[in-house]
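Participant: Could you have a look at this structure, given as structure tokens, before my questions?
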Amino acid sequence: MAAAARLRRRLLLEVPWRWRCSPRRDGAACPSAGQIRAAFLRFFEERHGHRRLPSAPVRPRGDPRLLFVNAGMNQFKPIFLGTVHPRSELAQYRRVVNSQKCVRAGGKHNDLEDVGRDTYHHTFFEMLGNWSFGDYFKEEACSMAWELLTEVYEIPRDRLYVTYFGGDPSLGLSADEECRDVWLHLGVPASHVLPFPLKDNFWEMGDTGPCGPCTEIHYDHVGGGRNAAALVNQGSPDVVEIWNLVFMQYSREVEGNLLPLPQHHVDTGMGLERLVTVLQNKRSSYDTDLFTPILDAIHKVCRAPRYQGLVGNADVGRVNMAYRVVADHVRTLCVCITDGIYPGFSGAELVLRRILRRAVRFCSEVLQAPPGLLASLVPTVVEVLGDAYPELTRNANQIKDILNENEAAFLSSLERGRRIIERTVQQMEPSTNFPAEVAWSLYGSLGFPLDLIDLMLEEKGISLDSAAFNKLALEDAKRKAGGPQAGQTGTANTRLDVHSLAWLQGSSVPTTDDSPKYTYTLGLHGQYEFSPCQATVLMLYKDQSLHKEVGAGQRCGVILDRTNFYAEQGGQDSDQGYMIRLGQQDVLFPVESVHLCGGYVIHEVTAVETLRAGDQVQLFVDEAQRLACMRNHTATHLLSFALRRVLGDSTEQRGSHVTAQQLRFDFDTKGHVTVEQLQQVEQVVRDLIQKNEVVHMAEVPLTLARRVQGLRAVDEEYPDPVRIVSLGVPVENVLTCDSKAAMQTSVELCCGTNESRRKVNPF
Ligand code: SER
């Protein structure tokens, strides 16, 4: 392996810019992907004076609307926008070349659901690009591209077609005849130079900002002297775009009009995977050496037959699809984790979590691979991509650890999800759709990617009630967008109404003992251990009335005598998780949210089977979600303390919202807060985390708690006795009358869940 890598490196170093390769010459060895990438970079660097830059990380810098870097130009946006500081390094660039790591798996360019179904979609790909910032323009850009493709890569000219912008009268834009003339001048026959409208050949970065006509180069995989002009831009897998050259010459204004830019730029992008497919004379990128080593490595570990490139009905048991999914996703996972995007709960992290879960499911269910397959592929991914992106080599061990941890967590959820689907299907009436509520629970509570649910159902010949599912998704989105306003959380049909509450109280149904929510411990290796809690169903609630029984497939509120679930209160999101019936371990009832009403904790549950009052259940909270909330909750304490320290004692907390993904902190203070002050606040918080202090908690009588000097409390009702949470100082030390400890550290009244008796540092 090491010798092969050395040889490869030597070859790469020795490739002259004028290295040629002939994909069509019989018997000629195909160039490797590494050689093709290297030839591109060296051609622009050595032959045409471009500066070679490394790929930017796939986590976008300074662009919160973008989940992942999805084009080579992302890192140069400030140059196009003209916002770059004239003395910055960026401002010095004139000609640049690079190979950019790109991920398209969320937001505008989302290929995730397609990956695996066909032989050409990817979530991660490499974009080869050259740029001119106020330097060369159309003539040189086209001429360099043509020279590279036809003379260096030796792609037969008659297989190439070029497109140009055909004009748009509504915008007052005429056809880009200048571009057409450049191509004709370069010797491209007129029958291969084709005009296309705005939607195909006018590239815009966003609703406003730099934009301009583009010219694309397309390749005909079939060839043989035919004229394939009619197939260009028609979605044919035989005639594919390989390179896009954008001429940035306008600025789209807010009013929608176009103004000429003072400087003209060139932004080009060519997908390496497509180029390699062409140059290695293949029809699918999965058959190139960017993927074959990974597919071979998968085969060595799993029990499935070898990859054969089959799709659709020919791909019996979806084995080939699974190979493609796993090979694609493991590349994306390695690149993202290396660049600091870890599987998580929101934004790019959530997308990555779904990618990981999709890959794990195909590994275990279709390929019958033992746990650990994904991590075992990391060395192969490093072998394929490590020369171009050395950061992958450096982070290989960390990537493996993260993959293994997340895989283990999902495998247990997968088993539960499968059982839920089996049960639900057994109980469904023939020819009905799978209930949206159950699918939503799988999606929300167990983190099942939607397309996996679809696939699992498809295998059983059942469809999901998509309209109802979308409605639930919309309601959830509205609820989240609305924030933590009183009365908005939980769904209306499980929120106790005044009559039901009065009936419960009048019938002496005891309120819920929720003290078990704090019964978690710290394991020997610093990990939290949350024990399950046993309880009895007292009453069920649905559609504004109390019930003794709720049928399968319905969503209801479950009232128990006790619970370990944290109910949404004080701005902290509720726990999620599931419950099982004692003696019936294989039926899981997902708990989506939990709220508190008059002392009753209402668990919002999808009844996978009929649920009855008197049922004995065992409750399991989603530990990852709880821990994430705990971390963010403790962070609000640190922030509260830091704000007072920097902005003074007049600073008062007015509210907060803590979720697994983020925290929001509302406060009042005198005057404006400066950027410097915010930086100081951040520093105080960082220092506190660095100190790695223990978080102490204790329950004390409210009157005693209120006497503590400096103790922080929000203007709300607290129970008696109340919990005090203090950082670094045991609670008993802050209770003594003359103690000033609460002035020096964070001490607060608190009803939420914090990291307890452990170091603060796991952020
Ligand atoms: N920005 C253009 C694209 O993404 C060219 O690189 O297609």
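Chains: A, B, ... in order of the structure tokens. Residues: from 1 per chain. Ligands: from 1, in order shown.
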Applying 10 Å and only C-alpha atoms, which residues near range 95-100 of chain A remain after dropping the ones on its own chain fewer than 6 positions away? List them as a VMD selection string.
Facilitator: chain A and resid 37 to 38 40 to 45 48 to 58 69 to 75 125 to 136 265 to 272 388 to 389
Participant: Which residues are near Leu663 in chain A? Cut-off 8 Å, only C-alpha atoms, ignore same chain within fewer than 3 positions. Put them as a list in words.
Facilitator: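 Neighbouring residues, sequence-local ones excluded: Asn632, His633, Thr636, Ser656, His657, Val658 and Thr659 of chain A.
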Participant: I'd like to know which of A:Gly206, A:Gly417, A:Pro390, A:Pro510 is closest to ligand 1, using only C-alpha atoms and all ligand atoms.
Facilitator: A:Gly206
Participant: If we count only C-alpha atoms, what is near range 82-86 of chain A at a cut-off of 12 Å, once residues fewer than 6 positions away on the same chain are taken out, given as a PyMOL selection string?
Facilitator: chain A and resi 75-76+92-93+133-134+209-210+251+261-265
Participant: Write out as an MDAnalysis selection string the set of residues from range 281-482 of chain A that DSSP, computed on the backbone, places in alpha helix (DSSP H).
Facilitator: chainID A and resid 292:301 319:338 347:361 373:376 378:385 391:394 396:427 436:445 450:459 466:482
Participant: Output C-alpha atoms for every residue in that selection, as a compact mmCIF listing (two decimals), in the first residue's frame.
Facilitator:
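Full text of part.txt as output:
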# COMPACT_ATOMS: atom_id res chain seq x y z
CA THR A 292 -13.87 1.39 -7.76
CA PRO A 293 -11.40 1.07 -4.84
CA ILE A 294 -14.22 1.97 -2.44
CA LEU A 295 -16.67 -0.45 -4.08
CA ASP A 296 -14.01 -3.19 -3.87
CA ALA A 297 -13.40 -2.41 -0.22
CA ILE A 298 -17.13 -2.66 0.47
CA HIS A 299 -17.26 -6.03 -1.26
CA LYS A 300 -14.43 -7.40 0.90
CA VAL A 301 -16.39 -6.73 4.08
CA VAL A 319 -27.64 -4.35 -3.96
CA ASN A 320 -26.04 -2.11 -6.58
CA MET A 321 -27.90 0.91 -5.31
CA ALA A 322 -26.60 0.14 -1.81
CA TYR A 323 -23.01 -0.03 -3.09
CA ARG A 324 -23.41 3.38 -4.73
CA VAL A 325 -25.10 4.93 -1.68
CA VAL A 326 -22.39 3.71 0.68
CA ALA A 327 -19.50 4.66 -1.63
CA ASP A 328 -20.91 8.13 -2.22
CA HIS A 329 -21.92 8.81 1.36
CA VAL A 330 -18.68 7.66 2.95
CA ARG A 331 -16.76 10.16 0.79
CA THR A 332 -19.12 12.94 1.88
CA LEU A 333 -18.88 11.91 5.52
CA CYS A 334 -15.08 11.85 5.48
CA VAL A 335 -14.83 15.26 3.83
CA CYS A 336 -17.43 16.92 6.05
CA ILE A 337 -16.09 15.51 9.31
CA THR A 338 -12.58 16.59 8.34
CA GLY A 347 -28.49 22.70 9.42
CA ALA A 348 -25.56 20.99 7.73
CA GLU A 349 -25.08 18.76 10.79
CA LEU A 350 -28.61 17.41 10.47
CA VAL A 351 -28.11 16.74 6.76
CA LEU A 352 -24.91 14.88 7.59
CA ARG A 353 -26.72 12.85 10.24
CA ARG A 354 -29.26 11.80 7.60
CA ILE A 355 -26.50 10.92 5.15
CA LEU A 356 -24.83 8.77 7.79
CA ARG A 357 -28.06 7.05 8.72
CA ARG A 358 -28.93 6.38 5.10
CA ALA A 359 -25.50 4.82 4.58
CA VAL A 360 -25.72 2.71 7.75
CA ARG A 361 -29.10 1.38 6.78
CA LEU A 373 -18.16 -1.05 7.60
CA LEU A 374 -18.23 2.71 7.14
CA ALA A 375 -15.23 3.28 9.40
CA SER A 376 -13.38 0.45 7.67
CA VAL A 378 -11.94 5.45 5.66
CA PRO A 379 -8.39 4.30 4.67
CA THR A 380 -9.62 3.65 1.12
CA VAL A 381 -11.24 7.08 0.89
CA VAL A 382 -7.99 8.57 2.18
CA GLU A 383 -6.08 6.59 -0.45
CA VAL A 384 -8.33 7.97 -3.22
CA LEU A 385 -8.59 11.59 -2.07
CA GLU A 391 -6.37 17.10 5.70
CA LEU A 392 -8.21 13.80 5.18
CA THR A 393 -5.06 11.83 5.92
CA ARG A 394 -4.46 13.82 9.11
CA ALA A 396 -8.50 9.62 9.49
CA ASN A 397 -8.68 8.33 13.07
CA GLN A 398 -11.07 11.00 14.22
CA ILE A 399 -13.34 10.29 11.23
CA LYS A 400 -13.39 6.59 12.10
CA ASP A 401 -14.32 7.29 15.73
CA ILE A 402 -17.15 9.61 14.79
CA LEU A 403 -18.51 7.18 12.21
CA ASN A 404 -18.43 4.29 14.66
CA GLU A 405 -20.12 6.25 17.47
CA ASN A 406 -22.92 7.47 15.23
CA GLU A 407 -23.37 4.13 13.56
CA ALA A 408 -23.84 2.38 16.91
CA ALA A 409 -26.48 4.93 17.96
CA PHE A 410 -28.40 4.58 14.73
CA LEU A 411 -28.28 0.79 14.57
CA SER A 412 -30.27 0.57 17.77
CA SER A 413 -32.80 3.12 16.43
CA LEU A 414 -32.98 1.24 13.15
CA GLU A 415 -34.03 -1.91 14.91
CA ARG A 416 -36.73 -0.05 16.80
CA GLY A 417 -37.93 1.70 13.63
CA ARG A 418 -38.16 -1.54 11.73
CA ARG A 419 -40.31 -3.04 14.48
CA ILE A 420 -42.60 -0.01 14.46
CA ILE A 421 -43.08 -0.29 10.71
CA GLU A 422 -43.71 -4.05 10.91
CA ARG A 423 -46.31 -3.63 13.64
CA THR A 424 -48.08 -0.77 11.94
CA VAL A 425 -48.23 -2.59 8.63
CA GLN A 426 -49.66 -5.71 10.30
CA GLN A 427 -52.47 -3.63 11.73
CA ALA A 436 -48.45 9.86 8.47
CA GLU A 437 -48.33 10.17 12.28
CA VAL A 438 -46.28 7.01 12.63
CA ALA A 439 -43.93 8.09 9.80
CA TRP A 440 -43.57 11.49 11.43
CA SER A 441 -42.64 9.87 14.73
CA LEU A 442 -40.00 7.75 13.03
CA TYR A 443 -38.65 10.82 11.33
CA GLY A 444 -38.78 13.15 14.31
CA SER A 445 -38.14 10.86 17.27
CA LEU A 450 -37.66 10.22 5.01
CA ASP A 451 -36.40 8.45 1.94
CA LEU A 452 -35.53 5.44 4.11
CA ILE A 453 -39.08 5.29 5.37
CA ASP A 454 -40.23 5.47 1.76
CA LEU A 455 -37.85 2.72 0.76
CA MET A 456 -38.82 0.45 3.63
CA LEU A 457 -42.48 0.92 2.73
CA GLU A 458 -41.82 0.54 -0.99
CA GLU A 459 -40.27 -2.85 -0.24
CA SER A 466 -47.53 12.07 1.80
CA ALA A 467 -50.12 14.85 1.93
CA ALA A 468 -50.79 14.19 5.62
CA PHE A 469 -47.06 13.85 6.30
CA ASN A 470 -46.33 17.20 4.63
CA LYS A 471 -49.08 18.78 6.70
CA LEU A 472 -47.44 17.53 9.89
CA ALA A 473 -44.08 18.81 8.67
CA LEU A 474 -45.58 22.21 7.94
CA GLU A 475 -47.23 22.39 11.36
CA ASP A 476 -43.94 21.48 12.97
CA ALA A 477 -42.06 24.12 10.96
CA LYS A 478 -44.63 26.75 11.97
CA ARG A 479 -44.35 25.71 15.59
CA LYS A 480 -40.57 26.00 15.49
CA ALA A 481 -40.64 29.32 13.66
CA GLY A 482 -43.07 30.65 16.26
Participant: Please identify all polymer residues within 12 Å of Val537 in chain A, counting only C-alpha atoms, omitting same-chain residues fewer than 3 positions from it, and present them as a PDB file with C-alpha atoms, in the first residue's frame.
Facilitator:
ATOM      1  CA  VAL A 509     -56.068  11.524  39.611  1.00  0.00           C
ATOM      2  CA  PRO A 510     -52.644  12.232  41.139  1.00  0.00           C
ATOM      3  CA  THR A 512     -47.255  13.254  37.749  1.00  0.00           C
ATOM      4  CA  GLN A 534     -41.260   2.398  35.031  1.00  0.00           C
ATOM      5  CA  LEU A 540     -55.234   9.170  27.777  1.00  0.00           C
ATOM      6  CA  TYR A 541     -56.185  12.440  26.129  1.00  0.00           C
ATOM      7  CA  HIS A 547     -60.111   8.378  27.253  1.00  0.00           C
ATOM      8  CA  LYS A 548     -59.413   5.007  28.850  1.00  0.00           C
ATOM      9  CA  GLU A 549     -58.284   3.601  25.528  1.00  0.00           C
ATOM     10  CA  VAL A 550     -56.831   4.947  22.270  1.00  0.00           C
ATOM     11  CA  GLY A 557     -51.549  12.573  25.215  1.00  0.00           C
ATOM     12  CA  VAL A 558     -50.520   9.977  27.789  1.00  0.00           C
ATOM     13  CA  ILE A 559     -50.775  10.805  31.498  1.00  0.00           C
ATOM     14  CA  LEU A 560     -48.613   8.619  33.726  1.00  0.00           C
ATOM     15  CA  ASP A 561     -48.116   8.373  37.478  1.00  0.00           C
ATOM     16  CA  ARG A 562     -44.405   9.136  37.053  1.00  0.00           C
ATOM     17  CA  THR A 563     -41.957  10.042  34.336  1.00  0.00           C
ATOM     18  CA  MET A 579     -42.013   4.008  25.764  1.00  0.00           C
ATOM     19  CA  ILE A 580     -42.596   0.272  25.668  1.00  0.00           C
ATOM     20  CA  ARG A 581     -45.261  -1.805  27.395  1.00  0.00           C
ATOM     21  CA  LEU A 582     -43.879  -4.135  30.049  1.00  0.00           C
ATOM     22  CA  VAL A 601     -47.077  15.676  32.453  1.00  0.00           C
ATOM     23  CA  ILE A 602     -48.619  14.957  29.057  1.00  0.00           C
ATOM     24  CA  HIS A 603     -46.547  12.716  26.785  1.00  0.00           C
ATOM     25  CA  LEU A 611     -53.005   1.913  24.548  1.00  0.00           C
ATOM     26  CA  ARG A 612     -55.091   1.552  27.710  1.00  0.00           C
ATOM     27  CA  ALA A 613     -55.264   3.103  31.161  1.00  0.00           C
ATOM     28  CA  GLY A 614     -53.577   0.658  33.536  1.00  0.00           C
ATOM     29  CA  ASP A 615     -50.886  -0.361  31.040  1.00  0.00           C
ATOM     30  CA  GLN A 616     -47.481  -0.696  32.683  1.00  0.00           C
ATOM     31  CA  VAL A 617     -44.818   1.048  30.620  1.00  0.00           C
ATOM     32  CA  GLN A 618     -41.110   1.691  30.648  1.00  0.00           C
ATOM     33  CA  LEU A 619     -39.832   5.101  29.482  1.00  0.00           C
TER      34      LEU A 619
END
Participant: Using only C-alpha atoms, can you tell me which of A:Cys30, A:Val498, A:Val621, A:Cys102 comes closest to Ser545 in chain A?
Facilitator: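 Using only C-alpha atoms, the shortest distance to Ser545 in chain A belongs to A:Val498.
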